[in-house]
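Below is one structure; the comments refer to it alone.
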Amino acid sequence: MTARTTSTTRTTRLDDGVRSALGALSAAAKRGLSDPALAELVQIRASQLNHCAFCLDMHLGIARKEGAGERQLDLLAAWEEAEGVFDARERAALALTEAVTVLTEGFVPDGVYEEAARHFDVGGLAHLLALITAINSWNRLMVGRRIPPGSTQW
Amino acid sequence: MTTNESTTAAPGSFAPEEAPRLEWAKHAPEVYKAMIRLDTAAKRGLDPTLYELVKIRASQINHCALCIDMHSKDALAAGESVERIVQLSAWEESRHFYTEKELAAIELTEAVTVLTDGFVPDAVYQKAAAHFEEPELAQLIAAITVINAWNRFGVTCRMTPGHYTPGQHG
């Protein structure tokens, strides 16, 4: 990885139709998953993998406001090693989040998919996948345009 | 049997075709509707020839078989050359197949697709900004984002490639 510089100004433009459709996608995904605490864990983990400062700032803020456990937030980046901190359902969702986020290394392994399918019914699984996809999309829009954390212009 | 009939392999010797894991659009119709809206909004103002190259390259990097099937066929149907599609996975070594503007878009596609390795470098962003005026640049970033989203559904649900006919999604 080469050093990152901060000299370039990037566009803050985003088509209104893109913003509202992606907003609708996120909202539909969260509704279908109907587990707000898990939704934040998933969105934070994907944003960690994609290095999205804007999204981390936003979703850590939301998670804390909604009463997420500090210990879970602290240990999320090392969830596989954090025994006793995440339950089996959360672990299945986080493993799926990682596999779906890091497609460039291969595919989504059967073991990861099947473990998720054990903990979520088909509707829940489809919406969990949609949520992972939605946050990956926000990550790309924010990192691509280098939107600073906390910015109101995005 | 899929549309791989031009191969020299003996009939019946192909590996079996697998069914998709999950029919996500059926189980999340609101999500599918939002994806269609997103797709329509993102491509507005983008050159369709360039957009197909972007979609094929992102789908190659993300290993989305369904998306490669669809977008290679769409590109061919729209008059794209076989050579430019074939060379796309090695575009750094076959730059003379593409315009400088296309190369800038392909490079940006790779950077925005592979976020896990770091970030989107200034040099890549600046090159794209030199070739794409606003709002086309913002649309390009959105379009790269949207094909990445389709790739995630395609790969995770293991959607079966080979059955796409150009134009079937209108």
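Here, A, B, ... name the chains of the structure tokens in the order displayed, residue numbers run from 1 inside each chain, and ligands are numbered from 1 in the same displayed order.
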Find the residues in chain B near chain A: any atom within 6 Å counts, using only C-alpha atoms. Write them as an NGL selection string.
-> :B and (24 or 27 or 31 or 34 or 37-38 or 41-42 or 61-62 or 112 or 115-116 or 120 or 138 or 145 or 149 or 156)
Determine, counting only C-alpha atoms, which protein, DNA and RNA residues have an atom within 12 Å of an atom of Ala77 of chain A; residues of the same chain fewer than 4 positions away are not included. Present the result as a PyMOL selection string.
-> chain A and resi 41-42+44-49+51+56+71-73+81-82+86+94-95+98
May I have the selected residues written with all heavy atoms, as a short mmCIF file (atom, residue, chain, number, x, y, z; two decimals), in the first residue's frame?
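out13.cif, written as the output of this step:
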```
data_model
loop_
_atom_site.label_atom_id
_atom_site.label_comp_id
_atom_site.auth_asym_id
_atom_site.auth_seq_id
_atom_site.Cartn_x
_atom_site.Cartn_y
_atom_site.Cartn_z
N LEU A 41 -23.59 -3.89 13.71
CA LEU A 41 -22.35 -4.69 13.74
C LEU A 41 -21.88 -5.03 12.32
O LEU A 41 -20.70 -4.91 11.98
CB LEU A 41 -22.55 -5.98 14.55
CG LEU A 41 -22.73 -5.86 16.06
CD1 LEU A 41 -22.92 -7.25 16.68
CD2 LEU A 41 -21.54 -5.15 16.72
N VAL A 42 -22.83 -5.43 11.50
CA VAL A 42 -22.52 -5.80 10.12
C VAL A 42 -21.98 -4.58 9.36
O VAL A 42 -20.97 -4.67 8.64
CB VAL A 42 -23.80 -6.35 9.43
CG1 VAL A 42 -23.68 -6.34 7.92
CG2 VAL A 42 -24.10 -7.76 9.95
N ILE A 44 -20.64 -1.85 10.56
CA ILE A 44 -19.33 -1.41 11.08
C ILE A 44 -18.22 -2.34 10.57
O ILE A 44 -17.17 -1.88 10.12
CB ILE A 44 -19.34 -1.36 12.62
CG1 ILE A 44 -20.30 -0.27 13.11
CG2 ILE A 44 -17.93 -1.11 13.16
CD1 ILE A 44 -20.67 -0.38 14.59
N ARG A 45 -18.48 -3.65 10.61
CA ARG A 45 -17.43 -4.59 10.18
C ARG A 45 -17.07 -4.39 8.71
O ARG A 45 -15.89 -4.38 8.34
CB ARG A 45 -17.87 -6.03 10.44
CG ARG A 45 -16.79 -7.06 10.14
CD ARG A 45 -15.59 -6.94 11.07
NE ARG A 45 -14.42 -7.70 10.61
CZ ARG A 45 -13.21 -7.18 10.42
NH1 ARG A 45 -12.96 -5.90 10.66
NH2 ARG A 45 -12.22 -7.94 10.01
N ALA A 46 -18.08 -4.25 7.85
CA ALA A 46 -17.80 -4.02 6.42
C ALA A 46 -17.02 -2.72 6.23
O ALA A 46 -16.08 -2.66 5.44
CB ALA A 46 -19.10 -3.97 5.63
N SER A 47 -17.38 -1.69 7.01
CA SER A 47 -16.70 -0.39 6.88
C SER A 47 -15.26 -0.47 7.37
O SER A 47 -14.39 0.25 6.86
CB SER A 47 -17.48 0.68 7.64
OG SER A 47 -18.80 0.77 7.16
N GLN A 48 -15.01 -1.35 8.34
CA GLN A 48 -13.62 -1.58 8.77
C GLN A 48 -12.82 -2.20 7.63
O GLN A 48 -11.72 -1.75 7.31
CB GLN A 48 -13.58 -2.52 9.98
CG GLN A 48 -14.05 -1.89 11.29
CD GLN A 48 -14.15 -2.92 12.43
OE1 GLN A 48 -14.26 -4.12 12.19
NE2 GLN A 48 -14.13 -2.43 13.67
N LEU A 49 -13.38 -3.23 7.01
CA LEU A 49 -12.66 -3.92 5.93
C LEU A 49 -12.42 -3.00 4.75
O LEU A 49 -11.38 -3.08 4.08
CB LEU A 49 -13.47 -5.15 5.46
CG LEU A 49 -13.62 -6.27 6.48
CD1 LEU A 49 -14.58 -7.33 5.94
CD2 LEU A 49 -12.29 -6.91 6.81
N HIS A 51 -12.19 0.26 4.95
CA HIS A 51 -11.51 1.48 5.42
C HIS A 51 -12.33 2.74 5.18
O HIS A 51 -11.81 3.75 4.71
CB HIS A 51 -10.14 1.64 4.74
CG HIS A 51 -9.30 0.40 4.75
ND1 HIS A 51 -8.51 0.06 5.82
CD2 HIS A 51 -9.15 -0.60 3.84
CE1 HIS A 51 -7.89 -1.09 5.56
NE2 HIS A 51 -8.27 -1.50 4.37
N LEU A 56 -17.66 4.42 9.28
CA LEU A 56 -17.32 3.97 10.64
C LEU A 56 -17.80 4.98 11.66
O LEU A 56 -18.43 4.63 12.67
CB LEU A 56 -15.80 3.78 10.77
CG LEU A 56 -15.24 2.47 10.22
CD1 LEU A 56 -13.72 2.52 10.21
CD2 LEU A 56 -15.74 1.28 11.03
N ARG A 71 -17.99 -3.45 24.63
CA ARG A 71 -17.06 -4.57 24.45
C ARG A 71 -17.19 -5.17 23.05
O ARG A 71 -16.19 -5.52 22.42
CB ARG A 71 -17.38 -5.62 25.52
CG ARG A 71 -16.28 -6.60 25.73
CD ARG A 71 -16.08 -6.95 27.21
NE ARG A 71 -14.97 -7.89 27.33
CZ ARG A 71 -15.14 -9.22 27.32
NH1 ARG A 71 -16.35 -9.74 27.25
NH2 ARG A 71 -14.09 -10.02 27.40
N GLN A 72 -18.41 -5.27 22.56
CA GLN A 72 -18.62 -5.77 21.19
C GLN A 72 -17.99 -4.83 20.17
O GLN A 72 -17.35 -5.27 19.22
CB GLN A 72 -20.12 -5.93 20.91
CG GLN A 72 -20.71 -7.22 21.47
CD GLN A 72 -21.95 -7.66 20.71
OE1 GLN A 72 -22.65 -6.83 20.14
NE2 GLN A 72 -22.23 -8.94 20.74
N LEU A 73 -18.20 -3.54 20.37
CA LEU A 73 -17.65 -2.58 19.42
C LEU A 73 -16.12 -2.60 19.46
O LEU A 73 -15.46 -2.55 18.42
CB LEU A 73 -18.17 -1.16 19.71
CG LEU A 73 -19.70 -0.98 19.61
CD1 LEU A 73 -20.06 0.48 19.87
CD2 LEU A 73 -20.24 -1.44 18.26
N GLU A 81 -11.59 -14.10 17.25
CA GLU A 81 -10.79 -14.46 18.43
C GLU A 81 -11.47 -14.05 19.74
O GLU A 81 -10.96 -14.35 20.82
CB GLU A 81 -9.41 -13.78 18.34
CG GLU A 81 -8.59 -14.20 17.13
CD GLU A 81 -8.22 -15.69 17.17
OE1 GLU A 81 -7.93 -16.19 18.27
OE2 GLU A 81 -8.26 -16.33 16.11
N ALA A 82 -12.57 -13.32 19.61
CA ALA A 82 -13.22 -12.78 20.81
C ALA A 82 -14.29 -13.74 21.32
O ALA A 82 -15.49 -13.53 21.17
CB ALA A 82 -13.82 -11.40 20.50
N PHE A 86 -19.45 -12.59 21.06
CA PHE A 86 -20.47 -12.61 20.01
C PHE A 86 -21.13 -13.99 20.00
O PHE A 86 -20.43 -15.01 20.12
CB PHE A 86 -19.83 -12.33 18.64
CG PHE A 86 -19.13 -10.99 18.58
CD1 PHE A 86 -17.77 -10.89 18.82
CD2 PHE A 86 -19.85 -9.83 18.31
CE1 PHE A 86 -17.12 -9.66 18.78
CE2 PHE A 86 -19.21 -8.60 18.26
CZ PHE A 86 -17.85 -8.51 18.51
N LEU A 94 -21.34 -12.10 10.76
CA LEU A 94 -20.06 -11.41 10.55
C LEU A 94 -19.19 -12.16 9.54
O LEU A 94 -18.52 -11.55 8.70
CB LEU A 94 -19.32 -11.23 11.88
CG LEU A 94 -19.98 -10.24 12.84
CD1 LEU A 94 -19.32 -10.29 14.22
CD2 LEU A 94 -19.93 -8.81 12.28
N ALA A 95 -19.21 -13.49 9.62
CA ALA A 95 -18.44 -14.29 8.65
C ALA A 95 -18.98 -14.05 7.24
O ALA A 95 -18.22 -13.91 6.27
CB ALA A 95 -18.50 -15.77 9.01
N GLU A 98 -17.87 -10.64 5.95
CA GLU A 98 -16.49 -10.62 5.47
C GLU A 98 -16.38 -11.27 4.10
O GLU A 98 -15.73 -10.75 3.19
CB GLU A 98 -15.57 -11.31 6.48
CG GLU A 98 -15.59 -10.58 7.81
CD GLU A 98 -14.42 -10.90 8.73
OE1 GLU A 98 -13.67 -11.83 8.44
OE2 GLU A 98 -14.28 -10.17 9.73
#
```
Which parts of segment 6-94 of chain A does DSSP call helix (DSSP H, G or I) when run on the backbone here, written out as a ChimeraX atom specification?
-> /A:16-33,36-49,53-65,70-81,88-94
What does the distance from atom CA of Glu115 of chain A to atom CA of Ala19 of chain B come to in Å, to one decimal?
->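 Computed distance, atom CA of Glu115 of chain A to atom CA of Ala19 of chain B, equals 18.7 Å.
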Minimum-distance residue to Gly162 of chain B, chosen among B:Leu140, B:Ala75, B:Ala128, B:Met70 (using only C-alpha atoms) |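 Looking at the shortest contact to Gly162 of chain B, the residue is B:Met70.
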Contact residues around Ala104 of chain B with only C-alpha atoms at 8 Å, ignoring same-chain residues under 4 positions, as a list in words =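 Residues near the query, excluding close chain neighbours: Glu100, Leu108, Val124, Lys127, Ala128 and His131 of chain B.
Residues in contact with Lys43 of chain B at 7 Å, where only C-alpha atoms are counted and same-chain residues fewer than 4 positions away are skipped, are listed as Asp39, Gln139 and Ala143 of chain B.
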Writing out the chosen residues with C-alpha atoms as a compact mmCIF listing (two decimals), in the first residue's frame:
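Wrote selection_30.txt, looks like this:
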```txt
# COMPACT_ATOMS: atom_id res chain seq x y z
CA ASP B 39 -28.97 1.03 -11.52
CA GLN B 139 -21.90 9.07 -12.13
CA ALA B 143 -21.85 3.15 -11.63
```
Which residue out of B:Arg158, B:Glu110, B:Asp122, B:Thr49 has the minimum interatomic distance to Tyr98 of chain B when only C-alpha atoms are used?
->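 Closest to Tyr98 of chain B of all the choices is B:Thr49.
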Select, from B:Ile68, B:Val82, B:Ala77, B:Ala123, the residue with the minimum atom-to-atom distance to Val54 of chain B, counting only C-alpha atoms.
->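 For Val54 of chain B, the nearest of the given residues is B:Ile68.
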Skipping near chain neighbours, those fewer than 3 positions away, what residues fall within 12 Å of Ala37 of chain A using only C-alpha atoms, listed as a VMD selection string?
-> chain A and resid 30 33 to 34 40 to 44 59 to 60 62 to 69 72 to 73 86 90 93
Which of these, A:Arg91, A:Gly61, A:Ile147, A:Ala53, has the shortest distance to Ala78 of chain A once you count only C-alpha atoms?
->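 Among the listed residues, the smallest separation from Ala78 of chain A belongs to A:Arg91.
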Show which residues sit within 8 Å of Cys157 of chain B, as a list of chain:residue names. Count only C-alpha atoms, and ignore same-chain residues fewer than 4 positions away.
->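 Once the adjacent positions are removed, what remains is B:Pro20, B:Arg21, B:Leu22, B:Glu23, B:Trp24, B:Phe153.
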Write out as a PyMOL selection string each polymer residue whose atoms come within 10 Å of Glu18 of chain B, counting only C-alpha atoms; drop sequence neighbours fewer than 6 positions from it.
-> chain B and resi 158-161
Residue subset to file, keeping N, CA, C and O atoms, as a tab-separated table (two decimals), in the first residue's frame:
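Ended up saving to part_26.tsv:
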```tsv
chain	number	residue	atom	x	y	z
B	158	ARG	N	-24.82	-17.36	-5.80
B	158	ARG	CA	-24.31	-18.27	-6.84
B	158	ARG	C	-25.29	-18.37	-8.01
B	158	ARG	O	-25.75	-19.46	-8.40
B	159	MET	N	-25.62	-17.21	-8.55
B	159	MET	CA	-26.54	-17.15	-9.69
B	159	MET	C	-25.88	-17.83	-10.89
B	159	MET	O	-24.70	-17.64	-11.15
B	160	THR	N	-26.65	-18.64	-11.61
B	160	THR	CA	-26.09	-19.48	-12.66
B	160	THR	C	-25.84	-18.69	-13.96
B	160	THR	O	-26.78	-18.14	-14.52
B	161	PRO	N	-24.61	-18.69	-14.44
B	161	PRO	CA	-24.33	-18.01	-15.71
B	161	PRO	C	-24.66	-18.89	-16.91
B	161	PRO	O	-24.76	-20.11	-16.77
```
